[in-house]
$ cat my_file-v3.txt   # compact mmCIF, C-alpha atoms
# COMPACT_ATOMS: atom_id res chain seq x y z
CA MET A 1 40.97 6.04 -21.01
CA ILE A 2 41.41 9.31 -19.13
CA GLN A 3 44.99 8.43 -18.21
CA THR A 4 45.75 7.57 -21.84
CA LEU A 5 44.36 10.90 -23.05
CA ARG A 6 46.30 12.76 -20.36
CA TYR A 7 49.51 11.01 -21.44
CA TYR A 8 49.13 11.81 -25.13
CA LEU A 9 47.98 15.38 -24.51
CA SER A 10 50.39 16.47 -21.76
CA GLU A 11 52.91 13.79 -20.76
CA HIS A 12 54.22 12.49 -24.08
CA PRO A 13 58.01 13.00 -24.45
CA SER A 14 57.51 15.03 -27.62
CA ILE A 15 55.31 17.45 -25.68
CA VAL A 16 57.36 17.63 -22.48
CA GLY A 17 60.64 17.99 -24.39
CA PHE A 18 59.44 20.55 -26.94
CA ARG A 19 61.80 23.43 -27.82
CA TRP A 20 61.06 26.39 -30.11
CA THR A 21 64.26 26.02 -32.17
CA HIS A 22 65.20 25.98 -35.84
CA SER A 23 66.01 22.27 -35.68
CA GLN A 24 62.82 21.11 -33.94
CA SER A 25 60.13 23.58 -35.04
CA TRP A 26 59.00 23.96 -38.65
CA GLY A 27 58.10 27.49 -39.69
CA ASN A 28 59.85 29.31 -36.83
CA THR A 29 61.85 31.84 -38.89
CA TRP A 30 60.95 35.43 -39.69
CA ILE A 31 61.50 34.75 -43.40
CA PHE A 32 58.95 31.94 -43.34
CA LEU A 33 56.44 34.11 -41.46
CA ILE A 34 56.70 37.09 -43.82
CA THR A 35 56.73 34.90 -46.94
CA SER A 36 53.70 32.86 -45.88
CA ILE A 37 51.60 35.93 -44.99
CA ALA A 38 52.57 37.65 -48.25
CA ALA A 39 51.71 34.49 -50.22
CA TYR A 40 48.33 34.27 -48.50
CA ILE A 41 47.46 37.86 -49.40
CA ILE A 42 48.73 37.58 -52.99
CA ILE A 43 46.91 34.29 -53.67
CA SER A 44 43.67 35.65 -52.18
CA VAL A 45 43.75 38.84 -54.28
CA PHE A 46 44.77 36.95 -57.43
CA LEU A 47 41.98 34.39 -56.99
CA HIS A 48 39.45 37.17 -56.37
CA LEU A 49 40.44 39.09 -59.51
CA LEU A 50 40.60 35.92 -61.62
CA LEU A 51 37.09 34.86 -60.66
CA LEU A 52 35.74 38.35 -61.30
CA LEU A 53 37.18 38.24 -64.83
CA LEU A 54 36.12 34.71 -65.71
CA PHE A 55 32.84 34.21 -63.83
CA ARG A 56 31.48 37.71 -63.27
CA HIS A 57 27.92 36.96 -64.43
CA ARG A 58 27.67 33.38 -63.20
CA ARG A 59 26.36 31.98 -59.97
CA PRO A 60 28.80 31.18 -57.15
CA LEU A 61 30.88 28.08 -57.79
CA PRO A 62 29.75 25.11 -55.69
CA LEU A 63 32.30 23.60 -53.34
CA GLY A 64 30.29 20.58 -52.28
CA PRO A 65 31.19 19.13 -48.87
CA ILE A 66 34.60 20.86 -48.68
CA PRO A 67 33.49 23.75 -46.36
CA ALA A 68 31.67 21.31 -44.08
CA VAL A 69 34.72 19.03 -43.87
CA HIS A 70 36.94 22.02 -43.17
CA SER A 71 34.63 23.27 -40.40
CA LEU A 72 34.48 19.83 -38.78
CA SER A 73 38.27 19.47 -38.99
CA MET A 74 38.85 22.90 -37.44
CA ALA A 75 36.34 22.18 -34.66
CA LEU A 76 38.14 18.96 -33.77
CA ILE A 77 41.60 20.55 -34.01
CA SER A 78 40.54 23.52 -31.87
CA PHE A 79 39.02 21.25 -29.22
CA THR A 80 42.16 19.08 -29.19
CA ILE A 81 44.36 22.14 -28.65
CA PHE A 82 41.96 23.36 -25.96
CA ALA A 83 42.11 20.05 -24.08
CA GLY A 84 45.86 19.71 -24.61
CA ILE A 85 46.85 23.13 -23.32
CA LEU A 86 44.38 22.88 -20.42
CA LEU A 87 45.91 19.58 -19.28
CA SER A 88 49.42 20.86 -19.96
CA ALA A 89 48.86 24.02 -17.93
CA ALA A 90 47.54 21.92 -15.06
CA ALA A 91 50.61 19.66 -15.28
CA GLU A 92 52.97 22.66 -15.31
CA ILE A 93 51.25 24.10 -12.24
CA ARG A 94 51.46 20.72 -10.49
CA ASP A 95 55.18 20.31 -11.25
CA THR A 96 56.16 23.85 -10.18
CA ARG A 97 54.36 24.22 -6.87
CA TRP A 98 57.63 25.24 -5.27
CA PHE A 99 57.70 28.25 -7.56
CA TRP A 100 54.35 29.56 -6.31
CA ARG A 101 55.47 29.37 -2.68
CA ARG A 102 58.87 30.94 -3.31
CA TYR A 103 57.65 33.92 -5.33
CA LYS A 104 54.29 34.29 -3.56
CA THR A 105 52.29 34.07 -6.73
CA THR A 106 49.25 32.10 -7.90
CA PRO A 107 48.60 29.85 -10.91
CA PHE A 108 46.17 32.42 -12.32
CA GLN A 109 48.86 35.10 -12.18
CA TRP A 110 51.19 32.73 -14.05
CA LEU A 111 48.54 32.27 -16.75
CA LEU A 112 48.49 36.04 -17.26
CA CYS A 113 52.12 36.93 -16.55
CA PHE A 114 55.10 34.67 -17.24
CA PRO A 115 58.13 35.31 -14.99
CA LEU A 116 61.05 37.17 -16.57
CA GLY A 117 63.43 34.79 -18.30
CA THR A 118 60.80 32.24 -19.38
CA ARG A 119 62.01 30.12 -22.32
CA PRO A 120 59.71 28.82 -25.11
CA SER A 121 59.95 25.16 -24.15
CA GLY A 122 57.81 22.53 -22.52
CA ARG A 123 54.17 21.50 -22.61
CA VAL A 124 52.29 24.77 -22.99
CA PHE A 125 54.64 26.02 -25.70
CA PHE A 126 54.14 22.79 -27.65
CA TRP A 127 50.42 23.51 -27.82
CA SER A 128 51.15 27.16 -28.59
CA TYR A 129 53.18 25.88 -31.56
CA ILE A 130 50.30 23.65 -32.71
CA PHE A 131 47.96 26.63 -32.37
CA TYR A 132 50.36 28.70 -34.53
CA LEU A 133 50.32 26.04 -37.25
CA SER A 134 46.52 25.77 -37.09
CA ARG A 135 46.25 29.47 -37.95
CA PHE A 136 47.32 28.61 -41.50
CA LEU A 137 44.40 26.19 -41.82
CA HIS A 138 42.01 28.99 -40.83
CA THR A 139 43.04 30.95 -43.95
CA PHE A 140 41.22 28.45 -46.19
CA ARG A 141 37.96 30.16 -45.23
CA THR A 142 39.11 33.20 -47.19
CA PHE A 143 39.40 31.10 -50.35
CA PHE A 144 35.96 29.56 -49.72
CA THR A 145 34.43 33.03 -49.38
CA VAL A 146 36.10 34.26 -52.57
CA ILE A 147 35.00 31.25 -54.60
CA ARG A 148 31.42 31.05 -53.33
CA ARG A 149 30.53 34.72 -52.84
CA ARG A 150 33.03 36.62 -55.04
CA LYS A 151 33.88 38.74 -51.99
CA LEU A 152 37.24 39.60 -50.49
CA SER A 153 37.13 41.87 -47.46
CA PHE A 154 40.07 43.80 -46.03
CA PHE A 155 39.01 42.76 -42.53
CA GLN A 156 39.28 39.05 -43.35
CA LEU A 157 42.75 39.43 -44.89
CA PHE A 158 43.95 41.64 -42.04
CA ASN A 159 42.45 39.44 -39.33
CA HIS A 160 43.98 36.17 -40.55
CA SER A 161 47.37 37.75 -41.27
CA ILE A 162 47.60 39.46 -37.88
CA LEU A 163 46.53 36.35 -35.98
CA ILE A 164 49.31 34.33 -37.66
CA PHE A 165 51.79 37.09 -36.84
CA MET A 166 50.69 37.31 -33.20
CA SER A 167 50.86 33.53 -32.73
CA PHE A 168 54.44 33.67 -33.98
CA LEU A 169 55.28 36.45 -31.50
CA TRP A 170 53.92 34.37 -28.62
CA LEU A 171 56.52 31.70 -29.29
CA GLU A 172 59.40 33.88 -30.41
CA PHE A 173 59.33 36.09 -27.29
CA SER A 174 57.70 33.69 -24.76
CA GLN A 175 54.96 36.28 -24.44
CA SER A 176 52.82 36.42 -21.32
CA PHE A 177 49.05 35.76 -21.48
CA GLN A 178 49.32 33.29 -24.38
CA VAL A 179 48.15 30.25 -22.39
CA LEU A 180 44.90 31.91 -21.33
CA ALA A 181 44.46 33.41 -24.81
CA ILE A 182 44.78 29.99 -26.46
CA ILE A 183 42.36 28.42 -23.97
CA LEU A 184 39.73 31.09 -24.67
CA THR A 185 40.30 31.17 -28.43
CA THR A 186 40.26 27.41 -29.02
CA PHE A 187 37.14 26.97 -26.88
CA ILE A 188 35.28 29.65 -28.85
CA TYR A 189 36.58 28.33 -32.17
CA SER A 190 35.51 24.76 -31.40
CA VAL A 191 31.99 26.08 -30.78
CA VAL A 192 31.99 28.38 -33.82
CA TYR A 193 33.32 25.79 -36.27
CA GLY A 194 30.99 23.18 -34.81
CA TYR A 195 28.10 25.56 -35.53
CA ARG A 196 29.42 26.19 -39.05
CA PHE A 197 29.57 22.44 -39.67
CA TRP A 198 26.02 22.14 -38.30
CA THR A 199 24.70 24.72 -40.78
CA ALA A 200 26.90 23.50 -43.67
CA VAL A 201 25.28 20.06 -43.63
CA GLY A 202 21.83 21.66 -43.83
CA LEU A 203 20.71 21.62 -40.21
CA PRO A 204 18.70 24.63 -38.91
CA SER A 205 20.61 27.74 -37.88
CA LYS A 206 19.91 30.42 -35.32
CA CYS A 207 18.08 33.59 -36.35
CA PHE A 208 20.75 35.83 -34.77
CA HIS A 209 24.40 36.20 -35.80
CA PHE A 210 25.80 33.41 -33.63
CA VAL A 211 29.36 33.60 -34.97
CA ASN A 212 29.55 37.39 -34.56
CA HIS A 213 28.34 37.19 -30.97
CA CYS A 214 30.94 34.54 -30.16
CA GLN A 215 33.66 36.77 -31.60
CA ILE A 216 32.43 39.68 -29.47
CA VAL A 217 32.65 37.48 -26.35
CA LEU A 218 36.21 36.45 -27.28
CA LEU A 219 37.34 40.02 -27.95
CA GLY A 220 35.77 41.21 -24.70
CA CYS A 221 37.58 38.50 -22.70
CA ASN A 222 40.85 39.45 -24.39
CA VAL A 223 40.42 43.10 -23.40
CA VAL A 224 39.82 42.17 -19.76
CA CYS A 225 42.85 39.85 -19.72
CA HIS A 226 45.09 42.48 -21.32
CA VAL A 227 44.19 44.85 -18.50
CA GLY A 228 45.15 42.12 -16.02
CA VAL A 229 48.54 41.63 -17.69
CA LEU A 230 49.24 45.36 -17.55
CA LEU A 231 48.41 45.52 -13.84
CA LEU A 232 50.55 42.49 -13.00
CA HIS A 233 53.46 43.87 -15.03
CA PHE A 234 53.66 46.94 -12.81
CA LEU A 235 52.65 45.28 -9.54
CA ARG A 236 54.73 42.08 -9.76
CA GLY A 237 57.98 43.48 -11.15
CA GLY A 238 57.56 42.69 -14.83
CA CYS A 239 56.11 40.09 -17.21
CA ASN A 240 58.11 38.21 -19.81
CA GLY A 241 57.78 39.33 -23.44
CA ILE A 242 56.12 42.61 -22.54
CA GLY A 243 57.38 44.31 -25.71
CA ALA A 244 55.66 41.70 -27.89
CA TRP A 245 52.59 42.02 -25.66
CA VAL A 246 52.41 45.79 -26.34
CA LEU A 247 52.49 45.14 -30.10
CA ASN A 248 49.95 42.37 -29.62
CA SER A 249 47.66 44.77 -27.74
CA VAL A 250 47.86 47.36 -30.52
CA LEU A 251 47.02 44.76 -33.17
CA ASN A 252 44.18 43.39 -31.05
CA GLY A 253 42.86 46.93 -30.72
CA ALA A 254 42.92 47.32 -34.51
CA ILE A 255 41.05 44.04 -34.95
CA LEU A 256 38.51 45.08 -32.33
CA PHE A 257 37.95 48.44 -34.05
CA LEU A 258 37.49 46.85 -37.48
CA PHE A 259 35.16 44.18 -36.14
CA LEU A 260 32.99 46.65 -34.22
CA ASN A 261 32.83 48.85 -37.32
CA PHE A 262 31.70 45.84 -39.36
CA TYR A 263 29.22 44.78 -36.67
CA VAL A 264 27.65 48.26 -36.38
CA LYS A 265 27.27 48.51 -40.18
CA LEU A 266 25.67 45.06 -40.25
CA HIS A 267 23.25 46.03 -37.46
CA LEU A 268 22.32 49.32 -39.15
CA GLU A 269 21.80 47.58 -42.49
CA LYS A 270 19.57 44.98 -40.87
CA LYS A 271 17.61 47.71 -39.09
CA LYS A 272 17.21 49.61 -42.36
CA ILE A 273 15.92 46.50 -44.15
CA GLY A 274 13.46 45.91 -41.30
CA ALA A 275 12.19 49.50 -41.55
CA VAL A 276 11.71 49.19 -45.31
CA GLU A 277 9.77 45.94 -44.91
CA GLU A 278 7.59 47.56 -42.25
CA VAL A 279 6.80 50.50 -44.55
CA GLU A 280 5.95 48.16 -47.43
CA THR A 281 3.66 46.14 -45.15
CA THR A 282 1.90 49.33 -44.01
CA LEU A 283 1.41 50.56 -47.57
CA GLY A 284 0.07 47.19 -48.61
CA SER A 285 -2.50 47.19 -45.82
CA VAL A 286 -3.59 50.74 -46.79
CA LYS A 287 -4.10 49.71 -50.42
CA ASP A 288 -6.16 46.72 -49.31
CA LYS A 289 -8.43 49.02 -47.30
CA ASP A 290 -8.86 51.36 -50.32
CA ILE A 291 -9.80 48.43 -52.52
$ encode --input "my_file-v3.txt" --output "structure tokens"
Amino acid sequence: MIQTLRYYLSEHPSIVGFRWTHSQSWGNTWIFLITSIAAYIIISVFLHLLLLLLFRHRRPLPLGPIPAVHSLSMALISFTIFAGILLSAAAEIRDTRWFWRRYKTTPFQWLLCFPLGTRPSGRVFFWSYIFYLSRFLHTFRTFFTVIRRRKLSFFQLFNHSILIFMSFLWLEFSQSFQVLAIILTTFIYSVVYGYRFWTAVGLPSKCFHFVNHCQIVLLGCNVVCHVGVLLLHFLRGGCNGIGAWVLNSVLNGAILFLFLNFYVKLHLEKKKIGAVEEVETTLGSVKDKDI
């Protein structure tokens, strides 16, 4: 069983022989990238405005089991990518042991910093490609939010669009750090979407913001890894795709800023509501004593 899974996740000819080319990879052109992101933003805004005009005073439209099915599907897809790229990275390390001895490097350094001249081909880039395609499935959550809550946030549009763009850059420029980033992201997403499926089917949820805390952990790990890439770039003579990595770092910084801003506002709002409830409770007890 384990050998079969290892074969289909890291040793299959389609995985080993993968190439990021126009003939083998669907959606690998700049025109497709720009068009798809623009279509996502336009459809989201149009759907939001349409629902505001037609159903402004009605309750949110029910979606039935669709969000739960989507969450379960994304949890399974994320875990599959996580297992696939983990096994593929291990296989690449096993097959290139000579490289580590010759260049006096370690597998962990390879995970952070690809050698100059790395081509987007082979096992880990296959799973990077699958991860890139899965980013489009994540955008369906925007439509669910618009339909159910009549809300469309700039952060959600920006976050999904930038993550699609960054996943494309990873493949186009064989960017360093992508293997470790995909391992961390898919592991967190499998947990987050599993939790969303758990709550979507009516099972009890945690009292704290579980999803937000998971995102904070992911962003914190990304910051630490970005620092590691920067150090290795100057200490080891350069990392492949460093230009795309710089742009990636800037975009990640923007996402981090927007998320922290949202998180602080959410915390302050919750604190304010708690203070109001405490005052109301105090006033109620005073009135009871007067009576």
$ residues_around --input "my_file-v3.txt" --residues "His233 in chain A" --least-positions-apart "6" --cutoff "9 Å" --atoms "all atoms listed in the file" --output "PyMOL selection string"
chain A and resi 113+239-240+242
$ closest_residue --input "my_file-v3.txt" --among "A:Ala68, A:Ala83, A:Gly241, A:Asn222" --to "Ile2 in chain A" --atoms "all atoms listed in the file"
A:Ala83
$ residues_around --input "my_file-v3.txt" --residues "Pro62 in chain A" --least-positions-apart "2" --cutoff "8 Å" --atoms "all atoms listed in the file" --output "mmCIF file with C-alpha atoms, in the frame of the given file"
data_model
loop_
_atom_site.group_PDB
_atom_site.id
_atom_site.type_symbol
_atom_site.label_atom_id
_atom_site.label_comp_id
_atom_site.auth_asym_id
_atom_site.auth_seq_id
_atom_site.Cartn_x
_atom_site.Cartn_y
_atom_site.Cartn_z
ATOM 1 C CA PRO A 60 28.800 31.180 -57.150
ATOM 2 C CA GLY A 64 30.290 20.580 -52.280
ATOM 3 C CA ARG A 148 31.420 31.050 -53.330
#
$ closest_residue --input "my_file-v3.txt" --among "A:His70, A:His213, A:Arg119, A:His138" --to "Arg19 in chain A" --atoms "only C-alpha atoms"
A:Arg119
$ closest_residue --input "my_file-v3.txt" --among "A:Leu230, A:Ile85, A:Ile216, A:Leu137" --to "Ala181 in chain A" --atoms "all atoms listed in the file"
A:Ile85
$ residues_around --input "my_file-v3.txt" --residues "range 176-179 of chain A" --least-positions-apart "3" --cutoff "10 Å" --atoms "only C-alpha atoms" --output "PyMOL selection string"
chain A and resi 82+85-86+88-89+109-116+118+124-125+127-128+166-167+169-171+173+182-185+222+225-226+228-229+233+239-242+244-245
$ atom_distance --input "my_file-v3.txt" --atom1 "CA of Gln175 in chain A" --atom2 "CA of Phe257 in chain A"
23.0 Å
$ closest_residue --input "my_file-v3.txt" --among "A:Ser44, A:Leu72, A:Pro13, A:Ile37" --to "Phe197 in chain A" --atoms "only C-alpha atoms"
A:Leu72
$ residues_near_point --input "my_file-v3.txt" --point "(44.4, 36.3, -43.8)" --cutoff "12 Å" --atoms "only C-alpha atoms" --output "ChimeraX atom specification"
/A:36-45,135-143,145,152-165
$ atom_distance --input "my_file-v3.txt" --atom1 "CA of Ala90 in chain A" --atom2 "CA of Phe108 in chain A"
10.9 Å
$ closest_residue --input "my_file-v3.txt" --among "A:Leu47, A:Leu231, A:Leu219, A:Leu52" --to "Ala254 in chain A" --atoms "only C-alpha atoms"
A:Leu219
$ residues_around --input "my_file-v3.txt" --residues "Gly27 in chain A" --least-positions-apart "4" --cutoff "10 Å" --atoms "all atoms listed in the file" --output "list of chain:residue names"
A:Thr21, A:His22, A:Ile31, A:Phe32, A:Leu33, A:Ser36, A:Tyr129, A:Tyr132, A:Leu133, A:Phe168
$ closest_residue --input "my_file-v3.txt" --among "A:Ser174, A:Ser249, A:Ser121, A:Thr80" --to "Phe18 in chain A" --atoms "all atoms listed in the file"
A:Ser121
$ axis_aligned_box --input "my_file-v3.txt" --around "range 165-176 of chain A" --padding-each-side "6 Å" --output "AutoDock Vina command-line options"
--center_x 55.0 --center_y 34.5 --center_z -29.1 --size_x 20.7 --size_y 17.6 --size_z 27.5
$ atom_distance --input "my_file-v3.txt" --atom1 "CA of Leu256 in chain A" --atom2 "CA of Gly220 in chain A"
9.0 Å
$ residues_around --input "my_file-v3.txt" --residues "Ile77 in chain A" --least-positions-apart "4" --cutoff "10 Å" --atoms "all atoms listed in the file" --output "ChimeraX atom specification"
/A:71-73,81-83,130-131,134,186,189-190
$ write_last_selection --input "my_file-v3.txt" --atoms "C-alpha atoms" --output "mmCIF file, in the coordinates of the input"
data_model
loop_
_atom_site.group_PDB
_atom_site.id
_atom_site.type_symbol
_atom_site.label_atom_id
_atom_site.label_comp_id
_atom_site.auth_asym_id
_atom_site.auth_seq_id
_atom_site.Cartn_x
_atom_site.Cartn_y
_atom_site.Cartn_z
ATOM 1 C CA SER A 71 34.630 23.270 -40.400
ATOM 2 C CA LEU A 72 34.480 19.830 -38.780
ATOM 3 C CA SER A 73 38.270 19.470 -38.990
ATOM 4 C CA ILE A 81 44.360 22.140 -28.650
ATOM 5 C CA PHE A 82 41.960 23.360 -25.960
ATOM 6 C CA ALA A 83 42.110 20.050 -24.080
ATOM 7 C CA ILE A 130 50.300 23.650 -32.710
ATOM 8 C CA PHE A 131 47.960 26.630 -32.370
ATOM 9 C CA SER A 134 46.520 25.770 -37.090
ATOM 10 C CA THR A 186 40.260 27.410 -29.020
ATOM 11 C CA TYR A 189 36.580 28.330 -32.170
ATOM 12 C CA SER A 190 35.510 24.760 -31.400
#
